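Peer 1: Just protein_4.tsv, nothing more (TSV, C-alpha atoms):
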```tsv
chain	number	residue	atom	x	y	z
B	1	MET	CA	0.00	0.00	0.00
B	2	ALA	CA	2.84	2.37	0.89
B	3	SER	CA	4.54	1.78	-2.44
B	4	SER	CA	1.27	2.43	-4.30
B	5	SER	CA	0.79	5.70	-2.41
B	6	SER	CA	4.36	6.75	-3.18
B	7	PHE	CA	3.84	6.01	-6.87
B	8	LEU	CA	0.62	8.05	-6.92
B	9	ILE	CA	2.33	11.01	-5.25
B	10	LEU	CA	5.22	10.85	-7.72
B	11	ALA	CA	2.82	10.64	-10.66
B	12	LEU	CA	0.86	13.67	-9.43
B	13	PHE	CA	4.10	15.59	-8.88
B	14	ALA	CA	5.22	14.81	-12.43
B	15	LEU	CA	1.86	15.95	-13.81
B	16	VAL	CA	1.92	19.20	-11.87
B	17	SER	CA	5.56	19.83	-12.81
B	18	CYS	CA	4.82	19.25	-16.48
B	19	LYS	CA	1.87	21.67	-16.30
B	20	ALA	CA	3.98	24.25	-14.48
B	21	ILE	CA	6.64	24.38	-17.19
B	22	ALA	CA	4.19	24.35	-20.11
B	23	SER	CA	3.95	28.15	-20.20
B	24	ASP	CA	5.50	31.28	-18.73
B	25	PRO	CA	5.57	31.41	-14.90
B	26	SER	CA	2.68	33.23	-13.22
B	27	PRO	CA	3.49	36.73	-11.94
B	28	LEU	CA	3.83	37.27	-8.21
B	29	GLN	CA	2.97	40.98	-8.27
B	30	ASP	CA	0.84	43.37	-10.34
B	31	PHE	CA	3.59	43.76	-12.93
B	32	CYS	CA	7.31	43.40	-13.48
B	33	VAL	CA	8.31	45.90	-16.16
B	34	ALA	CA	11.48	44.66	-17.86
B	35	ASP	CA	14.68	46.46	-16.93
B	36	LYS	CA	16.64	45.80	-20.10
B	37	ASN	CA	19.65	47.75	-18.82
B	38	SER	CA	20.23	45.47	-15.84
B	39	PRO	CA	23.42	43.34	-16.02
B	40	VAL	CA	21.66	40.55	-14.07
B	41	LEU	CA	20.70	37.55	-16.21
B	42	VAL	CA	17.50	35.69	-15.35
B	43	ASN	CA	14.88	33.66	-17.23
B	44	GLY	CA	13.10	36.74	-18.57
B	45	PHE	CA	14.07	40.21	-17.40
B	46	VAL	CA	14.78	41.81	-14.04
B	47	CYS	CA	12.00	44.08	-12.76
B	48	LYS	CA	12.33	47.83	-13.07
B	49	ASN	CA	11.84	49.73	-9.82
B	50	PRO	CA	8.05	50.36	-9.65
B	51	VAL	CA	8.74	53.96	-8.68
B	52	HIS	CA	10.12	54.54	-12.17
B	53	VAL	CA	7.33	52.75	-14.06
B	54	SER	CA	5.05	54.81	-16.30
B	55	ALA	CA	2.18	54.18	-18.70
B	56	ASP	CA	4.67	54.20	-21.58
B	57	ASP	CA	6.11	50.92	-20.27
B	58	PHE	CA	2.80	49.29	-21.26
B	59	PHE	CA	2.34	51.08	-24.60
B	60	LYS	CA	3.61	50.93	-28.18
B	61	ALA	CA	2.39	52.92	-31.18
B	62	ALA	CA	2.59	49.75	-33.28
B	63	ASN	CA	0.36	50.86	-36.19
B	64	LEU	CA	-1.08	47.35	-36.40
B	65	ASP	CA	-3.93	48.75	-38.47
B	66	LYS	CA	-1.50	49.44	-41.34
B	67	PRO	CA	-0.57	46.84	-43.99
B	68	ARG	CA	3.01	45.55	-44.12
B	69	VAL	CA	5.34	44.85	-47.04
B	70	THR	CA	5.77	41.09	-47.47
B	71	ASN	CA	8.98	39.21	-48.30
B	72	LYS	CA	9.73	36.56	-50.94
B	73	VAL	CA	7.65	33.87	-49.20
B	74	GLY	CA	4.78	36.35	-49.22
B	75	SER	CA	4.35	37.18	-45.53
B	76	ASN	CA	5.32	39.60	-42.82
B	77	VAL	CA	4.99	38.80	-39.11
B	78	THR	CA	4.91	41.90	-36.88
B	79	LEU	CA	5.45	40.49	-33.39
B	80	ILE	CA	4.64	42.50	-30.28
B	81	ASN	CA	6.43	40.80	-27.38
B	82	VAL	CA	8.42	41.82	-24.30
B	83	MET	CA	11.17	43.20	-26.53
B	84	GLN	CA	8.73	45.84	-27.82
B	85	ILE	CA	6.64	46.41	-24.67
B	86	ALA	CA	8.62	46.10	-21.44
B	87	GLY	CA	5.43	45.83	-19.38
B	88	LEU	CA	4.74	42.38	-20.88
B	89	ASN	CA	7.53	40.91	-18.74
B	90	THR	CA	6.14	37.99	-16.62
B	91	LEU	CA	2.61	38.41	-18.03
B	92	GLY	CA	2.86	35.40	-20.37
B	93	ILE	CA	1.21	36.89	-23.45
B	94	SER	CA	2.11	38.52	-26.77
B	95	LEU	CA	0.52	39.09	-30.15
B	96	ALA	CA	1.35	39.43	-33.83
B	97	ARG	CA	-0.13	40.90	-36.98
B	98	ILE	CA	0.53	38.66	-39.98
B	99	ASP	CA	0.21	39.99	-43.54
B	100	TYR	CA	-0.02	37.58	-46.47
B	101	ALA	CA	0.49	38.51	-50.11
B	102	PRO	CA	-1.66	36.76	-52.74
B	103	LEU	CA	-0.45	33.12	-52.65
B	104	GLY	CA	1.81	34.11	-49.76
B	105	GLN	CA	2.51	31.95	-46.75
B	106	ASN	CA	3.84	31.96	-43.23
B	107	PRO	CA	5.99	28.86	-43.82
B	108	PRO	CA	6.12	25.80	-41.54
B	109	HIS	CA	7.47	26.85	-38.15
B	110	THR	CA	7.08	26.21	-34.45
B	111	HIS	CA	6.84	28.32	-31.30
B	112	PRO	CA	8.81	26.43	-28.64
B	113	CYS	CA	7.33	28.48	-25.77
B	114	ALA	CA	3.73	29.22	-26.72
B	115	THR	CA	0.35	28.08	-27.93
B	116	GLU	CA	-1.06	30.35	-30.65
B	117	ILE	CA	-4.66	31.35	-31.35
B	118	LEU	CA	-5.18	33.05	-34.70
B	119	THR	CA	-8.13	34.96	-36.16
B	120	VAL	CA	-8.52	36.06	-39.78
B	121	LEU	CA	-9.24	39.76	-40.24
B	122	GLU	CA	-9.25	39.86	-44.04
B	123	GLY	CA	-9.20	37.23	-46.77
B	124	THR	CA	-8.91	33.46	-46.61
B	125	LEU	CA	-6.22	31.24	-45.11
B	126	TYR	CA	-5.44	27.54	-45.43
B	127	VAL	CA	-3.84	26.55	-42.11
B	128	GLY	CA	-2.63	23.39	-40.44
B	129	PHE	CA	-0.35	21.69	-37.96
B	130	VAL	CA	1.30	18.29	-37.54
B	131	THR	CA	1.19	16.27	-34.33
B	132	SER	CA	4.32	14.82	-32.76
B	133	ASN	CA	5.90	11.41	-33.41
B	134	PRO	CA	4.98	8.71	-34.11
B	135	GLU	CA	1.57	9.66	-35.54
B	136	ASN	CA	2.57	12.91	-37.32
B	137	LYS	CA	-1.13	13.48	-38.00
B	138	PHE	CA	-1.83	16.50	-40.20
B	139	LEU	CA	-4.82	18.64	-39.16
B	140	SER	CA	-5.87	21.45	-41.51
B	141	LYS	CA	-8.69	23.90	-42.15
B	142	VAL	CA	-9.67	26.69	-44.55
B	143	LEU	CA	-10.41	29.85	-42.57
B	144	ASN	CA	-12.47	32.81	-43.69
B	145	LYS	CA	-12.81	36.30	-42.25
B	146	GLY	CA	-13.71	36.09	-38.55
B	147	ASP	CA	-12.71	32.43	-38.14
B	148	VAL	CA	-10.39	31.32	-35.32
B	149	PHE	CA	-7.87	28.45	-35.16
B	150	VAL	CA	-5.50	27.19	-32.45
B	151	PHE	CA	-1.95	25.87	-32.92
B	152	PRO	CA	-0.79	23.87	-29.84
B	153	VAL	CA	2.53	24.78	-28.25
B	154	GLY	CA	5.63	23.40	-29.95
B	155	LEU	CA	3.90	21.82	-32.97
B	156	ILE	CA	4.92	22.62	-36.55
B	157	HIS	CA	2.27	24.74	-38.26
B	158	PHE	CA	1.75	27.12	-41.20
B	159	GLN	CA	-0.70	29.52	-42.85
B	160	PHE	CA	-1.16	29.94	-46.61
B	161	ASN	CA	-3.22	32.47	-48.58
B	162	PRO	CA	-4.75	30.47	-51.47
B	163	ASN	CA	-6.14	33.55	-53.23
B	164	PRO	CA	-3.93	34.58	-56.20
B	165	TYR	CA	-5.45	38.07	-56.35
B	166	LYS	CA	-6.15	39.34	-52.82
B	167	PRO	CA	-3.96	39.67	-49.70
B	168	ALA	CA	-4.98	38.35	-46.28
B	169	VAL	CA	-4.44	39.60	-42.73
B	170	ALA	CA	-4.58	37.79	-39.39
B	171	ILE	CA	-3.97	38.60	-35.74
B	172	ALA	CA	-2.43	35.96	-33.48
B	173	ALA	CA	-2.22	35.86	-29.68
B	174	LEU	CA	0.50	33.73	-28.07
B	175	SER	CA	0.75	32.38	-24.54
B	176	SER	CA	4.23	33.71	-23.81
B	177	GLN	CA	5.87	37.10	-23.43
B	178	ASN	CA	8.57	35.77	-25.78
B	179	PRO	CA	7.16	32.78	-27.72
B	180	GLY	CA	10.15	32.23	-30.00
B	181	ALA	CA	9.88	31.04	-33.59
B	182	ILE	CA	11.80	28.34	-35.45
B	183	THR	CA	11.15	28.37	-39.20
B	184	ILE	CA	11.88	24.79	-40.22
B	185	ALA	CA	13.54	25.39	-43.60
B	186	ASN	CA	15.65	28.26	-42.27
B	187	ALA	CA	16.85	26.23	-39.30
B	188	VAL	CA	17.64	23.07	-41.27
B	189	PHE	CA	19.06	24.52	-44.49
B	190	GLY	CA	20.09	28.02	-43.44
B	191	SER	CA	21.96	27.36	-40.19
B	192	LYS	CA	25.28	29.12	-39.61
B	193	PRO	CA	27.58	27.24	-39.90
B	194	PRO	CA	25.64	24.81	-42.11
B	195	ILE	CA	24.71	21.33	-40.97
B	196	SER	CA	26.79	18.68	-42.74
B	197	ASP	CA	25.25	17.75	-46.10
B	198	ASP	CA	26.06	14.10	-45.25
B	199	VAL	CA	23.77	14.37	-42.24
B	200	LEU	CA	20.94	16.08	-44.13
B	201	ALA	CA	21.20	13.84	-47.19
B	202	LYS	CA	20.80	10.82	-44.92
B	203	ALA	CA	17.96	12.43	-42.96
B	204	PHE	CA	15.95	13.44	-46.04
B	205	GLN	CA	17.00	10.44	-48.18
B	206	VAL	CA	18.17	12.60	-51.09
B	207	LYS	CA	21.48	13.16	-52.85
B	208	LYS	CA	24.01	15.54	-51.38
B	209	ASN	CA	23.84	17.89	-54.37
B	210	THR	CA	20.15	18.46	-53.57
B	211	ILE	CA	21.11	19.45	-50.02
B	212	ASP	CA	23.94	21.64	-51.32
B	213	TRP	CA	21.47	23.46	-53.58
B	214	LEU	CA	19.04	23.99	-50.72
B	215	GLN	CA	21.78	25.29	-48.43
B	216	ALA	CA	22.86	27.75	-51.13
B	217	GLN	CA	19.44	29.47	-51.13
B	218	PHE	CA	18.77	32.70	-49.27
B	219	TRP	CA	16.53	31.74	-46.36
B	220	GLU	CA	14.83	35.01	-45.54
B	221	ASN	CA	13.33	35.76	-42.13
B	222	ASN	CA	9.71	36.99	-42.18
B	223	HIS	CA	9.59	38.12	-38.51
B	224	TYR	CA	10.07	41.85	-38.03
```
How does this structure look as structure tokens?

Peer 2:
Amino acid sequence: MASSSSFLILALFALVSCKAIASDPSPLQDFCVADKNSPVLVNGFVCKNPVHVSADDFFKAANLDKPRVTNKVGSNVTLINVMQIAGLNTLGISLARIDYAPLGQNPPHTHPCATEILTVLEGTLYVGFVTSNPENKFLSKVLNKGDVFVFPVGLIHFQFNPNPYKPAVAIAALSSQNPGAITIANAVFGSKPPISDDVLAKAFQVKKNTIDWLQAQFWENNHY
């Protein structure tokens, strides 16, 4: 009986611990405005003295109502996180405006620190994500203006504007002050220094000259 109780306690502890690290830590005070000039390194930012906090620490004239110029993959992600608004520190939330050119896409990527909820403001988007190994199940949906879709934390996902004539716009909220973004193609084929073409050729089951060609491309960032 004692061993069963111990196992149950350990299992509950593991469950709670897993839940606790699944998102940003909860704040312990009203706010903790980031002091980006502090030499102290912590997981996040040191708090500014509350005496010196002002409304401007929680504000940014971001012009999110204005369209953005898209890059060669046909998208532009304007992220508003703790780096833009110091007052977001410890609050566990951020947002982004995403502009899509006709036939543009926000290519397959992942947010290692955040779940994302996205709503379409203008146009149509084809979106989807892939579950983790071993199933790798692909879940997708066509979204129209006003529709909402959720991308679970850490999973590879994308958005694509299927309309060849009209742009699309979306707003995304993310469950982290600094969600991070790993664009799969950029990370795999555009790393600096490059990953060995022997490794990638074996991983993707293609010839090395295919990998060499991919690594020679200009992998442009669409996060601004």

Peer 1: Ranking B:Val77, B:Cys47, B:Ile156, B:Val206 by minimum distance to Pro27 of chain B and counting all atoms listed in the file, which one comes first?

Peer 2: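 Under the stated criterion, the closest residue is B:Cys47.
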
Peer 1: Of the candidates B:Leu91, B:Val150, B:Ala168, B:Leu174, which shows the shortest atom-to-atom distance to Val120 of chain B, using all atoms listed in the file?

Peer 2: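 That would be B:Ala168, the residue with the smallest distance to Val120 of chain B.
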
Peer 1: Point out the residue among B:Glu116, B:Asn81, B:His157, B:Ala62 with the least atom-to-atom distance to Lys137 of chain B, counting only C-alpha atoms.

Peer 2: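 The shortest atom-to-atom distance to Lys137 of chain B comes from B:His157.
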
Peer 1: Could you tell me how far atom CA of Phe59 of chain B sits from atom CA of Asp147 of chain B, in Å to one decimal place?

Peer 2: 27.5 Å

Peer 1: Can you tell me, as a PyMOL selection string, what residues are no more than 12 Å from Ala185 of chain B when counting only C-alpha atoms, ignoring any on the same chain fewer than 6 positions away?

Peer 2: chain B and resi 73+106-110+156+191+200+211+214-215+217-221

Peer 1: Could you tell me which of B:Val153, B:Asp30, B:Asp24, B:Val148 comes closest to Ala172 of chain B if we count all atoms listed in the file?

Peer 2: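 Selected residue with least distance to Ala172 of chain B: B:Val148.
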
Peer 1: List the spatial neighbours of Tyr165 of chain B as a list in words - criterion: any atom at most 10 Å away, only C-alpha atoms, same-chain residues fewer than 5 positions off excluded.

Peer 2: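 Those residues are Ala101, Pro102 and Leu103 of chain B.
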
Peer 1: So how far away is atom CA of Val169 of chain B from atom CA of Ala86 of chain B, in Å?

Peer 2: 25.8 Å

Peer 1: With only C-alpha atoms as the atoms that count, which of B:Asn163, B:Gln177, B:Ser26, B:Asn43 lies nearest to Ala96 of chain B?

Peer 2: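 Closest residue, counting only C-alpha atoms: B:Gln177.
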
Peer 1: From the options B:Gln159, B:Asn37, B:Asn222, B:Ser196, which residue's atoms come nearest to Leu143 of chain B, counting all atoms listed in the file?

Peer 2: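 Comparing B:Gln159, B:Asn37, B:Asn222, B:Ser196 against Leu143 of chain B, the winner is B:Gln159.
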
Peer 1: Please, which residues are within 8 Å of (11.3, 30.9, -27.6) by the file's coordinates, counting only C-alpha atoms, and could they come as a ChimeraX atom specification?

Peer 2: /B:111-114,178-181

Peer 1: Let's have the selection written as a PDB file, in the frame of the given file, with C-alpha atoms.

Peer 2:
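This is the output file result-v8.pdb:
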```pdb
ATOM      1  CA  HIS B 111       6.840  28.320 -31.300  1.00  0.00           C
ATOM      2  CA  PRO B 112       8.810  26.430 -28.640  1.00  0.00           C
ATOM      3  CA  CYS B 113       7.330  28.480 -25.770  1.00  0.00           C
ATOM      4  CA  ALA B 114       3.730  29.220 -26.720  1.00  0.00           C
ATOM      5  CA  ASN B 178       8.570  35.770 -25.780  1.00  0.00           C
ATOM      6  CA  PRO B 179       7.160  32.780 -27.720  1.00  0.00           C
ATOM      7  CA  GLY B 180      10.150  32.230 -30.000  1.00  0.00           C
ATOM      8  CA  ALA B 181       9.880  31.040 -33.590  1.00  0.00           C
TER       9      ALA B 181
END
```
